[in-house]
file run-v9.pdb (PDB, C-alpha atoms (C1' of nucleotides))
ATOM      1  CA  MET A   1      21.497 107.727 170.385  1.00  0.00           C
ATOM      2  CA  ALA A   2      18.356 106.922 168.477  1.00  0.00           C
ATOM      3  CA  GLY A   3      17.829 108.750 165.227  1.00  0.00           C
ATOM      4  CA  THR A   4      21.454 109.608 164.599  1.00  0.00           C
ATOM      5  CA  GLN A   5      22.442 106.551 162.585  1.00  0.00           C
ATOM      6  CA  LYS A   6      23.680 107.157 159.083  1.00  0.00           C
ATOM      7  CA  THR A   7      20.858 106.196 156.760  1.00  0.00           C
ATOM      8  CA  PRO A   8      21.909 107.508 153.338  1.00  0.00           C
ATOM      9  CA  GLY A   9      18.682 106.473 151.649  1.00  0.00           C
ATOM     10  CA  LEU A  10      16.694 108.780 153.901  1.00  0.00           C
ATOM     11  CA  ILE A  11      18.896 111.867 153.556  1.00  0.00           C
ATOM     12  CA  SER A  12      17.174 114.584 151.567  1.00  0.00           C
ATOM     13  CA  PHE A  13      18.825 116.879 149.064  1.00  0.00           C
ATOM     14  CA  THR A  14      16.798 119.937 148.159  1.00  0.00           C
ATOM     15  CA  PRO A  15      19.229 122.601 146.984  1.00  0.00           C
ATOM     16  CA  SER A  16      17.947 125.961 145.867  1.00  0.00           C
ATOM     17  CA  ALA A  17      18.047 126.713 142.183  1.00  0.00           C
ATOM     18  CA  SER A  18      19.976 129.907 142.896  1.00  0.00           C
ATOM     19  CA  ALA A  19      22.724 128.025 144.748  1.00  0.00           C
ATOM     20  CA  LEU A  20      23.167 125.540 141.921  1.00  0.00           C
ATOM     21  CA  GLN A  21      23.088 128.301 139.321  1.00  0.00           C
ATOM     22  CA  GLN A  22      25.680 130.255 141.285  1.00  0.00           C
ATOM     23  CA  VAL A  23      28.054 127.283 141.313  1.00  0.00           C
ATOM     24  CA  TYR A  24      27.416 126.721 137.623  1.00  0.00           C
ATOM     25  CA  GLY A  25      28.080 130.371 136.865  1.00  0.00           C
ATOM     26  CA  LEU A  26      31.377 130.391 138.742  1.00  0.00           C
ATOM     27  CA  LEU A  27      32.565 127.212 137.050  1.00  0.00           C
ATOM     28  CA  PHE A  28      31.483 128.411 133.612  1.00  0.00           C
ATOM     29  CA  GLU A  29      33.201 131.733 134.152  1.00  0.00           C
ATOM     30  CA  ALA A  30      36.406 129.948 135.153  1.00  0.00           C
ATOM     31  CA  TYR A  31      36.517 127.245 132.487  1.00  0.00           C
ATOM     32  CA  GLY A  32      34.093 128.151 129.693  1.00  0.00           C
ATOM     33  CA  GLU A  33      32.264 125.595 127.576  1.00  0.00           C
ATOM     34  CA  GLN A  34      33.486 122.013 128.010  1.00  0.00           C
ATOM     35  CA  HIS A  35      31.558 120.234 125.230  1.00  0.00           C
ATOM     36  CA  TRP A  36      31.661 117.145 127.401  1.00  0.00           C
ATOM     37  CA  TRP A  37      31.457 114.173 126.690  1.00  0.00           C
ATOM     38  CA  PRO A  38      34.414 113.487 124.395  1.00  0.00           C
ATOM     39  CA  GLY A  39      33.259 111.102 121.688  1.00  0.00           C
ATOM     40  CA  GLU A  40      32.607 111.337 117.971  1.00  0.00           C
ATOM     41  CA  THR A  41      29.508 109.114 117.879  1.00  0.00           C
ATOM     42  CA  PRO A  42      26.806 107.969 120.325  1.00  0.00           C
ATOM     43  CA  PHE A  43      28.323 104.493 120.241  1.00  0.00           C
ATOM     44  CA  GLU A  44      31.761 105.842 121.161  1.00  0.00           C
ATOM     45  CA  ILE A  45      30.154 107.689 124.064  1.00  0.00           C
ATOM     46  CA  ILE A  46      28.438 104.497 125.201  1.00  0.00           C
ATOM     47  CA  VAL A  47      31.701 102.539 125.063  1.00  0.00           C
ATOM     48  CA  GLY A  48      33.482 105.305 126.951  1.00  0.00           C
ATOM     49  CA  ALA A  49      30.812 105.269 129.656  1.00  0.00           C
ATOM     50  CA  VAL A  50      31.657 101.654 130.469  1.00  0.00           C
ATOM     51  CA  LEU A  51      35.411 102.016 130.108  1.00  0.00           C
ATOM     52  CA  THR A  52      35.571 105.005 132.444  1.00  0.00           C
ATOM     53  CA  GLN A  53      34.070 103.120 135.379  1.00  0.00           C
ATOM     54  CA  ASN A  54      36.404 103.849 138.305  1.00  0.00           C
ATOM     55  CA  THR A  55      39.092 104.840 135.828  1.00  0.00           C
ATOM     56  CA  ALA A  56      40.772 108.090 134.847  1.00  0.00           C
ATOM     57  CA  TRP A  57      39.707 109.325 131.420  1.00  0.00           C
ATOM     58  CA  VAL A  58      43.291 109.462 130.133  1.00  0.00           C
ATOM     59  CA  ASN A  59      43.418 105.663 130.327  1.00  0.00           C
ATOM     60  CA  VAL A  60      40.034 105.350 128.633  1.00  0.00           C
ATOM     61  CA  GLU A  61      41.368 107.367 125.701  1.00  0.00           C
ATOM     62  CA  LYS A  62      44.130 104.819 125.177  1.00  0.00           C
ATOM     63  CA  ALA A  63      41.625 101.965 125.105  1.00  0.00           C
ATOM     64  CA  ILE A  64      39.360 103.827 122.669  1.00  0.00           C
ATOM     65  CA  ALA A  65      42.360 104.576 120.467  1.00  0.00           C
ATOM     66  CA  ASN A  66      43.149 100.850 120.414  1.00  0.00           C
ATOM     67  CA  LEU A  67      39.581 100.039 119.365  1.00  0.00           C
ATOM     68  CA  LYS A  68      39.702 102.683 116.641  1.00  0.00           C
ATOM     69  CA  SER A  69      43.019 101.550 115.218  1.00  0.00           C
ATOM     70  CA  ALA A  70      41.729  97.974 115.170  1.00  0.00           C
ATOM     71  CA  HIS A  71      38.568  99.207 113.401  1.00  0.00           C
ATOM     72  CA  ARG A  72      36.427  97.736 116.206  1.00  0.00           C
ATOM     73  CA  LEU A  73      34.640 100.850 117.423  1.00  0.00           C
ATOM     74  CA  THR A  74      31.290  99.964 115.892  1.00  0.00           C
ATOM     75  CA  LEU A  75      28.474  97.903 117.339  1.00  0.00           C
ATOM     76  CA  ASP A  76      28.744  95.100 114.784  1.00  0.00           C
ATOM     77  CA  ALA A  77      32.540  94.952 114.911  1.00  0.00           C
ATOM     78  CA  LEU A  78      32.614  94.865 118.686  1.00  0.00           C
ATOM     79  CA  ILE A  79      29.973  92.161 118.963  1.00  0.00           C
ATOM     80  CA  GLY A  80      32.094  90.016 116.644  1.00  0.00           C
ATOM     81  CA  LEU A  81      35.059  90.107 119.026  1.00  0.00           C
ATOM     82  CA  ASP A  82      35.562  87.400 121.596  1.00  0.00           C
ATOM     83  CA  ASN A  83      36.018  88.515 125.175  1.00  0.00           C
ATOM     84  CA  ASP A  84      39.757  87.851 125.288  1.00  0.00           C
ATOM     85  CA  ALA A  85      40.468  89.895 122.161  1.00  0.00           C
ATOM     86  CA  LEU A  86      38.277  92.718 123.404  1.00  0.00           C
ATOM     87  CA  ALA A  87      39.935  92.631 126.820  1.00  0.00           C
ATOM     88  CA  GLU A  88      43.345  92.955 125.206  1.00  0.00           C
ATOM     89  CA  LEU A  89      42.273  96.038 123.240  1.00  0.00           C
ATOM     90  CA  ILE A  90      40.818  97.774 126.285  1.00  0.00           C
ATOM     91  CA  ARG A  91      43.609  96.740 128.666  1.00  0.00           C
ATOM     92  CA  PRO A  92      44.817 100.345 129.303  1.00  0.00           C
ATOM     93  CA  SER A  93      41.469 101.237 130.871  1.00  0.00           C
ATOM     94  CA  GLY A  94      41.962  98.743 133.692  1.00  0.00           C
ATOM     95  CA  TYR A  95      39.548  96.022 134.870  1.00  0.00           C
ATOM     96  CA  PHE A  96      39.770  94.824 131.290  1.00  0.00           C
ATOM     97  CA  ASN A  97      38.302  91.347 131.804  1.00  0.00           C
ATOM     98  CA  ILE A  98      35.283  92.708 133.654  1.00  0.00           C
ATOM     99  CA  LYS A  99      34.790  95.591 131.239  1.00  0.00           C
ATOM    100  CA  ALA A 100      35.026  93.282 128.230  1.00  0.00           C
ATOM    101  CA  ARG A 101      32.095  91.268 129.565  1.00  0.00           C
ATOM    102  CA  ARG A 102      30.172  94.437 130.407  1.00  0.00           C
ATOM    103  CA  LEU A 103      30.749  95.933 126.962  1.00  0.00           C
ATOM    104  CA  LYS A 104      29.635  92.745 125.270  1.00  0.00           C
ATOM    105  CA  SER A 105      26.453  92.655 127.368  1.00  0.00           C
ATOM    106  CA  LEU A 106      25.669  96.257 126.483  1.00  0.00           C
ATOM    107  CA  CYS A 107      26.388  95.687 122.792  1.00  0.00           C
ATOM    108  CA  GLU A 108      24.134  92.651 122.771  1.00  0.00           C
ATOM    109  CA  PHE A 109      21.370  94.723 124.364  1.00  0.00           C
ATOM    110  CA  LEU A 110      21.779  97.466 121.734  1.00  0.00           C
ATOM    111  CA  HIS A 111      21.945  94.953 118.895  1.00  0.00           C
ATOM    112  CA  ALA A 112      18.848  93.119 120.085  1.00  0.00           C
ATOM    113  CA  GLY A 113      16.989  96.423 120.186  1.00  0.00           C
ATOM    114  CA  GLY A 114      17.830  97.250 116.586  1.00  0.00           C
ATOM    115  CA  GLY A 115      21.042  99.264 117.030  1.00  0.00           C
ATOM    116  CA  VAL A 116      22.082 102.425 118.838  1.00  0.00           C
ATOM    117  CA  SER A 117      19.750 104.804 116.993  1.00  0.00           C
ATOM    118  CA  ALA A 118      16.750 102.512 117.487  1.00  0.00           C
ATOM    119  CA  PHE A 119      16.559 103.768 121.082  1.00  0.00           C
ATOM    120  CA  ASP A 120      16.333 107.440 120.113  1.00  0.00           C
ATOM    121  CA  ARG A 121      12.571 107.628 120.654  1.00  0.00           C
ATOM    122  CA  VAL A 122      12.249 105.261 123.609  1.00  0.00           C
ATOM    123  CA  PRO A 123      10.748 107.115 126.615  1.00  0.00           C
ATOM    124  CA  ILE A 124      13.406 108.154 129.086  1.00  0.00           C
ATOM    125  CA  ALA A 125      12.037 106.150 132.021  1.00  0.00           C
ATOM    126  CA  VAL A 126      11.765 103.015 129.908  1.00  0.00           C
ATOM    127  CA  LEU A 127      15.257 103.371 128.451  1.00  0.00           C
ATOM    128  CA  ARG A 128      16.787 104.033 131.885  1.00  0.00           C
ATOM    129  CA  LYS A 129      15.090 100.971 133.359  1.00  0.00           C
ATOM    130  CA  ASP A 130      16.209  98.817 130.425  1.00  0.00           C
ATOM    131  CA  LEU A 131      19.802 100.082 130.633  1.00  0.00           C
ATOM    132  CA  LEU A 132      19.912  99.363 134.362  1.00  0.00           C
ATOM    133  CA  GLY A 133      18.890  95.806 133.555  1.00  0.00           C
ATOM    134  CA  VAL A 134      22.020  95.272 131.459  1.00  0.00           C
ATOM    135  CA  HIS A 135      24.910  93.564 133.233  1.00  0.00           C
ATOM    136  CA  GLY A 136      27.573  96.123 134.065  1.00  0.00           C
ATOM    137  CA  VAL A 137      25.371  99.191 133.696  1.00  0.00           C
ATOM    138  CA  GLY A 138      24.782 100.937 136.995  1.00  0.00           C
ATOM    139  CA  ARG A 139      23.089 104.255 137.635  1.00  0.00           C
ATOM    140  CA  GLU A 140      25.975 106.521 136.736  1.00  0.00           C
ATOM    141  CA  THR A 141      26.793 104.624 133.561  1.00  0.00           C
ATOM    142  CA  ALA A 142      23.124 104.555 132.530  1.00  0.00           C
ATOM    143  CA  ASP A 143      22.813 108.291 133.104  1.00  0.00           C
ATOM    144  CA  ASP A 144      26.037 109.020 131.197  1.00  0.00           C
ATOM    145  CA  ILE A 145      24.531 107.161 128.254  1.00  0.00           C
ATOM    146  CA  LEU A 146      21.120 108.838 128.575  1.00  0.00           C
ATOM    147  CA  LEU A 147      22.538 112.353 128.766  1.00  0.00           C
ATOM    148  CA  TYR A 148      25.444 112.243 126.362  1.00  0.00           C
ATOM    149  CA  ALA A 149      24.533 109.541 123.837  1.00  0.00           C
ATOM    150  CA  TYR A 150      20.758 110.103 123.788  1.00  0.00           C
ATOM    151  CA  ASN A 151      20.492 113.766 124.808  1.00  0.00           C
ATOM    152  CA  ARG A 152      18.019 113.127 127.629  1.00  0.00           C
ATOM    153  CA  PRO A 153      17.708 115.571 130.571  1.00  0.00           C
ATOM    154  CA  VAL A 154      19.305 113.367 133.241  1.00  0.00           C
ATOM    155  CA  PHE A 155      21.787 114.821 135.730  1.00  0.00           C
ATOM    156  CA  VAL A 156      24.802 112.547 136.189  1.00  0.00           C
ATOM    157  CA  ILE A 157      26.045 112.055 139.744  1.00  0.00           C
ATOM    158  CA  ASP A 158      29.611 110.901 140.184  1.00  0.00           C
ATOM    159  CA  ALA A 159      32.277 110.910 142.868  1.00  0.00           C
ATOM    160  CA  TYR A 160      33.392 114.391 141.802  1.00  0.00           C
ATOM    161  CA  THR A 161      29.867 115.768 142.187  1.00  0.00           C
ATOM    162  CA  ARG A 162      29.593 114.316 145.678  1.00  0.00           C
ATOM    163  CA  ARG A 163      32.998 115.643 146.672  1.00  0.00           C
ATOM    164  CA  ILE A 164      32.503 119.179 145.359  1.00  0.00           C
ATOM    165  CA  PHE A 165      28.966 119.710 146.676  1.00  0.00           C
ATOM    166  CA  SER A 166      29.902 118.173 149.994  1.00  0.00           C
ATOM    167  CA  ARG A 167      32.793 120.639 150.305  1.00  0.00           C
ATOM    168  CA  LEU A 168      30.475 123.483 149.341  1.00  0.00           C
ATOM    169  CA  GLY A 169      28.163 122.488 152.180  1.00  0.00           C
ATOM    170  CA  LEU A 170      25.260 121.940 149.798  1.00  0.00           C
ATOM    171  CA  ALA A 171      25.208 118.164 150.274  1.00  0.00           C
ATOM    172  CA  ARG A 172      26.461 115.636 152.771  1.00  0.00           C
ATOM    173  CA  GLY A 173      28.048 113.517 150.112  1.00  0.00           C
ATOM    174  CA  ASP A 174      26.647 110.171 151.184  1.00  0.00           C
ATOM    175  CA  GLU A 175      23.128 110.691 149.905  1.00  0.00           C
ATOM    176  CA  ASP A 176      21.573 107.971 147.803  1.00  0.00           C
ATOM    177  CA  TYR A 177      22.323 108.424 144.097  1.00  0.00           C
ATOM    178  CA  GLU A 178      18.673 108.967 143.183  1.00  0.00           C
ATOM    179  CA  VAL A 179      18.224 111.579 145.901  1.00  0.00           C
ATOM    180  CA  LEU A 180      21.100 113.643 144.524  1.00  0.00           C
ATOM    181  CA  ARG A 181      20.052 113.214 140.902  1.00  0.00           C
ATOM    182  CA  GLN A 182      16.468 114.278 141.567  1.00  0.00           C
ATOM    183  CA  GLY A 183      17.656 117.177 143.694  1.00  0.00           C
ATOM    184  CA  PHE A 184      19.682 118.592 140.821  1.00  0.00           C
ATOM    185  CA  GLU A 185      17.023 117.889 138.216  1.00  0.00           C
ATOM    186  CA  GLN A 186      14.199 119.472 140.190  1.00  0.00           C
ATOM    187  CA  ALA A 187      16.180 122.554 141.121  1.00  0.00           C
ATOM    188  CA  LEU A 188      17.588 123.201 137.655  1.00  0.00           C
ATOM    189  CA  GLY A 189      14.702 121.995 135.531  1.00  0.00           C
ATOM    190  CA  PRO A 190      15.150 119.732 132.484  1.00  0.00           C
ATOM    191  CA  ASN A 191      17.960 121.195 130.414  1.00  0.00           C
ATOM    192  CA  VAL A 192      20.145 118.809 128.423  1.00  0.00           C
ATOM    193  CA  GLU A 193      22.656 121.458 127.420  1.00  0.00           C
ATOM    194  CA  GLN A 194      23.156 122.716 130.971  1.00  0.00           C
ATOM    195  CA  PHE A 195      23.261 119.229 132.485  1.00  0.00           C
ATOM    196  CA  SER A 196      25.950 118.284 129.962  1.00  0.00           C
ATOM    197  CA  GLU A 197      28.020 121.377 130.603  1.00  0.00           C
ATOM    198  CA  TYR A 198      27.528 121.226 134.366  1.00  0.00           C
ATOM    199  CA  HIS A 199      28.871 117.703 134.585  1.00  0.00           C
ATOM    200  CA  GLY A 200      31.753 118.563 132.281  1.00  0.00           C
ATOM    201  CA  LEU A 201      32.601 121.570 134.421  1.00  0.00           C
ATOM    202  CA  ILE A 202      32.484 119.468 137.579  1.00  0.00           C
ATOM    203  CA  VAL A 203      34.900 116.965 136.049  1.00  0.00           C
ATOM    204  CA  ARG A 204      37.198 119.732 134.850  1.00  0.00           C
ATOM    205  CA  HIS A 205      37.152 121.504 138.200  1.00  0.00           C
ATOM    206  CA  ALA A 206      37.673 118.373 140.264  1.00  0.00           C
ATOM    207  CA  LYS A 207      40.716 117.392 138.243  1.00  0.00           C
ATOM    208  CA  ASP A 208      42.272 120.800 138.799  1.00  0.00           C
ATOM    209  CA  PHE A 209      41.425 121.425 142.428  1.00  0.00           C
ATOM    210  CA  CYS A 210      39.720 118.568 144.220  1.00  0.00           C
ATOM    211  CA  SER A 211      41.566 115.365 143.348  1.00  0.00           C
ATOM    212  CA  LYS A 212      44.025 113.721 145.697  1.00  0.00           C
ATOM    213  CA  LYS A 213      45.632 116.210 148.041  1.00  0.00           C
ATOM    214  CA  PRO A 214      43.596 119.394 148.487  1.00  0.00           C
ATOM    215  CA  ARG A 215      44.724 122.044 146.046  1.00  0.00           C
ATOM    216  CA  CYS A 216      42.406 124.960 146.714  1.00  0.00           C
ATOM    217  CA  SER A 217      44.702 127.865 145.922  1.00  0.00           C
ATOM    218  CA  GLY A 218      43.093 129.850 143.142  1.00  0.00           C
ATOM    219  CA  CYS A 219      39.896 127.784 143.196  1.00  0.00           C
ATOM    220  CA  CYS A 220      37.012 129.621 141.513  1.00  0.00           C
ATOM    221  CA  LEU A 221      34.611 128.295 144.182  1.00  0.00           C
ATOM    222  CA  ALA A 222      36.748 129.429 147.134  1.00  0.00           C
ATOM    223  CA  GLU A 223      34.409 132.270 148.062  1.00  0.00           C
ATOM    224  CA  ILE A 224      31.483 129.889 148.649  1.00  0.00           C
ATOM    225  CA  CYS A 225      33.393 126.744 149.678  1.00  0.00           C
ATOM    226  CA  GLU A 226      33.442 125.467 153.265  1.00  0.00           C
ATOM    227  CA  PHE A 227      36.410 123.187 152.601  1.00  0.00           C
ATOM    228  CA  LYS A 228      39.610 124.790 153.821  1.00  0.00           C
TER     229      LYS A 228
ATOM    230  C1'  DT B   1      56.832 101.545 147.166  1.00  0.00           C
ATOM    231  C1'  DA B   2      52.319 102.819 148.304  1.00  0.00           C
ATOM    232  C1'  DC B   3      48.292 105.005 147.346  1.00  0.00           C
ATOM    233  C1'  DC B   4      44.548 106.679 144.610  1.00  0.00           C
ATOM    234  C1'  DA B   5      41.214 107.112 140.747  1.00  0.00           C
ATOM    235  C1'  DG B   6      34.637 109.494 137.418  1.00  0.00           C
ATOM    236  C1'  DG B   7      31.857 101.997 139.281  1.00  0.00           C
ATOM    237  C1'  DA B   8      29.462  97.801 139.483  1.00  0.00           C
ATOM    238  C1'  DG B   9      28.312  93.152 140.848  1.00  0.00           C
ATOM    239  C1'  DA B  10      28.626  89.365 143.906  1.00  0.00           C
ATOM    240  C1'  DA B  11      29.197  87.626 148.341  1.00  0.00           C
ATOM    241  C1'  DA B  12      28.981  88.132 153.156  1.00  0.00           C
ATOM    242  C1'  DA B  13      27.106  89.951 157.342  1.00  0.00           C
TER     243       DA B  13
ATOM    244  C1'  DT C   1      19.182  95.666 153.568  1.00  0.00           C
ATOM    245  C1'  DT C   2      23.780  97.160 154.128  1.00  0.00           C
ATOM    246  C1'  DT C   3      28.630  96.415 153.966  1.00  0.00           C
ATOM    247  C1'  DT C   4      32.683  94.399 152.125  1.00  0.00           C
ATOM    248  C1'  DC C   5      35.395  92.475 148.603  1.00  0.00           C
ATOM    249  C1'  DT C   6      37.017  92.071 143.916  1.00  0.00           C
ATOM    250  C1'  DC C   7      38.418  93.654 139.580  1.00  0.00           C
ATOM    251  C1'  DA C   8      43.649  96.331 137.269  1.00  0.00           C
ATOM    252  C1'  DT C   9      46.175  99.946 134.963  1.00  0.00           C
ATOM    253  C1'  DG C  10      48.779 104.173 135.245  1.00  0.00           C
ATOM    254  C1'  DG C  11      50.080 108.519 137.469  1.00  0.00           C
ATOM    255  C1'  DT C  12      51.921 110.861 141.560  1.00  0.00           C
TER     256       DT C  12
END
call {"tool": "encode", "arguments": {"input": "run-v9.pdb", "output": "structure tokens"}}
result
Amino acid sequence: MAGTQKTPGLISFTPSASALQQVYGLLFEAYGEQHWWPGETPFEIIVGAVLTQNTAWVNVEKAIANLKSAHRLTLDALIGLDNDALAELIRPSGYFNIKARRLKSLCEFLHAGGGVSAFDRVPIAVLRKDLLGVHGVGRETADDILLYAYNRPVFVIDAYTRRIFSRLGLARGDEDYEVLRQGFEQALGPNVEQFSEYHGLIVRHAKDFCSKKPRCSGCCLAEICEFK
DNA sequence: TACCAGGAGAAAA
DNA sequence: TTTTCTCATGGT
């Protein structure tokens, strides 16, 4: 039938602010402040954003611990590593050969721009476009970096966000990334602190209730969730 | 043992 | 333009 084909790019996502605030309120009430993203410096956050691609955070922590113990968790130290040595240090995070190349590309971009802090005052649209031009930096990784390393009001969309809001009936789940991101940003308004906490709460909640086999017993969103 | 997990890029269709 | 394949470890 004409007009019924799945065309993700054309699916709209215009949630009401009250619906998003209700979900946020329930999650916050259940889990409290998350202070996400874990990372002591902007550079550590940037490295973590690449290492966590399609990987559980627990494995990223092991890779970051390796970099720290080898005193390589700085921009200059990491650029000085060859790909094989870097890959060996980040092995626990999986995809280590690919991620080594991606990390090096990102470090070279940061170094060429004058270092991590040199991007602090770059306009958000410019920085996002530049990050997306770096090999290995896709939309989610770029937005992780913008929000958590540079404190810019960008809402991060990940697999957990799609899964949870799809189950809540607020999204289909296969919307284009930009459609979802803009939907959240327009409904909530620019708010770095809330965007950071919201994403952290989504991650926390998904790990407890929405990963692998459904585990909805005791879920704080049960009263508004369509997933049974 | 088999399956899954917070993605991205390249190749194929 | 969209879909499929590849990359890899560690937990369940």
call {"tool": "resolve_selection", "arguments": {"input": "run-v9.pdb", "expression": "the PyMOL selection byres ((chain B) within 8 of (chain A))", "output": "PyMOL selection string"}}
result
chain B and resi 4-9
call {"tool": "closest_atom_pairs", "arguments": {"input": "run-v9.pdb", "of": "chain C", "to": "chain A", "cutoff": "9 Å", "atoms": "all atoms listed in the file", "output": "JSON lines"}}
result
{"residue": "C:DC7", "atom": "C1'", "partner": "A:Tyr95", "partner_atom": "CA", "distance": 5.4}
{"residue": "C:DA8", "atom": "C1'", "partner": "A:Gly94", "partner_atom": "CA", "distance": 4.6}
{"residue": "C:DT9", "atom": "C1'", "partner": "A:Gly94", "partner_atom": "CA", "distance": 4.6}
{"residue": "C:DG10", "atom": "C1'", "partner": "A:Asn59", "partner_atom": "CA", "distance": 7.4}
call {"tool": "write_last_selection", "arguments": {"input": "run-v9.pdb", "atoms": "C-alpha atoms (C1' of nucleotides)", "output": "short mmCIF file (atom, residue, chain, number, x, y, z; two decimals), in the coordinates of the input"}}
result
data_model
loop_
_atom_site.label_atom_id
_atom_site.label_comp_id
_atom_site.auth_asym_id
_atom_site.auth_seq_id
_atom_site.Cartn_x
_atom_site.Cartn_y
_atom_site.Cartn_z
"C1'" DC C 7 38.42 93.65 139.58
"C1'" DA C 8 43.65 96.33 137.27
"C1'" DT C 9 46.18 99.95 134.96
"C1'" DG C 10 48.78 104.17 135.24
#
call {"tool": "atom_distance", "arguments": {"input": "run-v9.pdb", "atom1": "CA of Thr74 (chain A)", "atom2": "CA of Leu147 (chain A)"}}
result
19.9 Å
call {"tool": "atom_distance", "arguments": {"input": "run-v9.pdb", "atom1": "CA of Gly169 (chain A)", "atom2": "CA of Arg181 (chain A)"}}
result
16.7 Å
call {"tool": "atom_distance", "arguments": {"input": "run-v9.pdb", "atom1": "CA of His35 (chain A)", "atom2": "CA of Leu201 (chain A)"}}
result
9.3 Å
call {"tool": "resolve_selection", "arguments": {"input": "run-v9.pdb", "expression": "the PyMOL selection byres ((chain A and resi 12) around 12)", "output": "list in words"}}
result
Thr7, Pro8, Gly9, Leu10, Ile11, Phe13, Thr14, Pro15, Leu170, Ala171, Arg172, Gly173, Asp174, Glu175, Asp176, Tyr177, Glu178, Val179, Leu180, Arg181, Gln182, Gly183 and Phe184 of chain A
call {"tool": "resolve_selection", "arguments": {"input": "run-v9.pdb", "expression": "the PyMOL selection byres ((chain A and resi 224) around 9)", "output": "list in words"}}
result
Val23, Leu168, Gly169, Leu221, Ala222, Glu223, Cys225 and Glu226 of chain A
call {"tool": "write_last_selection", "arguments": {"input": "run-v9.pdb", "atoms": "C-alpha atoms", "output": "PDB file, in the coordinates of the input"}}
result
ATOM      1  CA  VAL A  23      28.054 127.283 141.313  1.00  0.00           C
ATOM      2  CA  LEU A 168      30.475 123.483 149.341  1.00  0.00           C
ATOM      3  CA  GLY A 169      28.163 122.488 152.180  1.00  0.00           C
ATOM      4  CA  LEU A 221      34.611 128.295 144.182  1.00  0.00           C
ATOM      5  CA  ALA A 222      36.748 129.429 147.134  1.00  0.00           C
ATOM      6  CA  GLU A 223      34.409 132.270 148.062  1.00  0.00           C
ATOM      7  CA  CYS A 225      33.393 126.744 149.678  1.00  0.00           C
ATOM      8  CA  GLU A 226      33.442 125.467 153.265  1.00  0.00           C
TER       9      GLU A 226
END
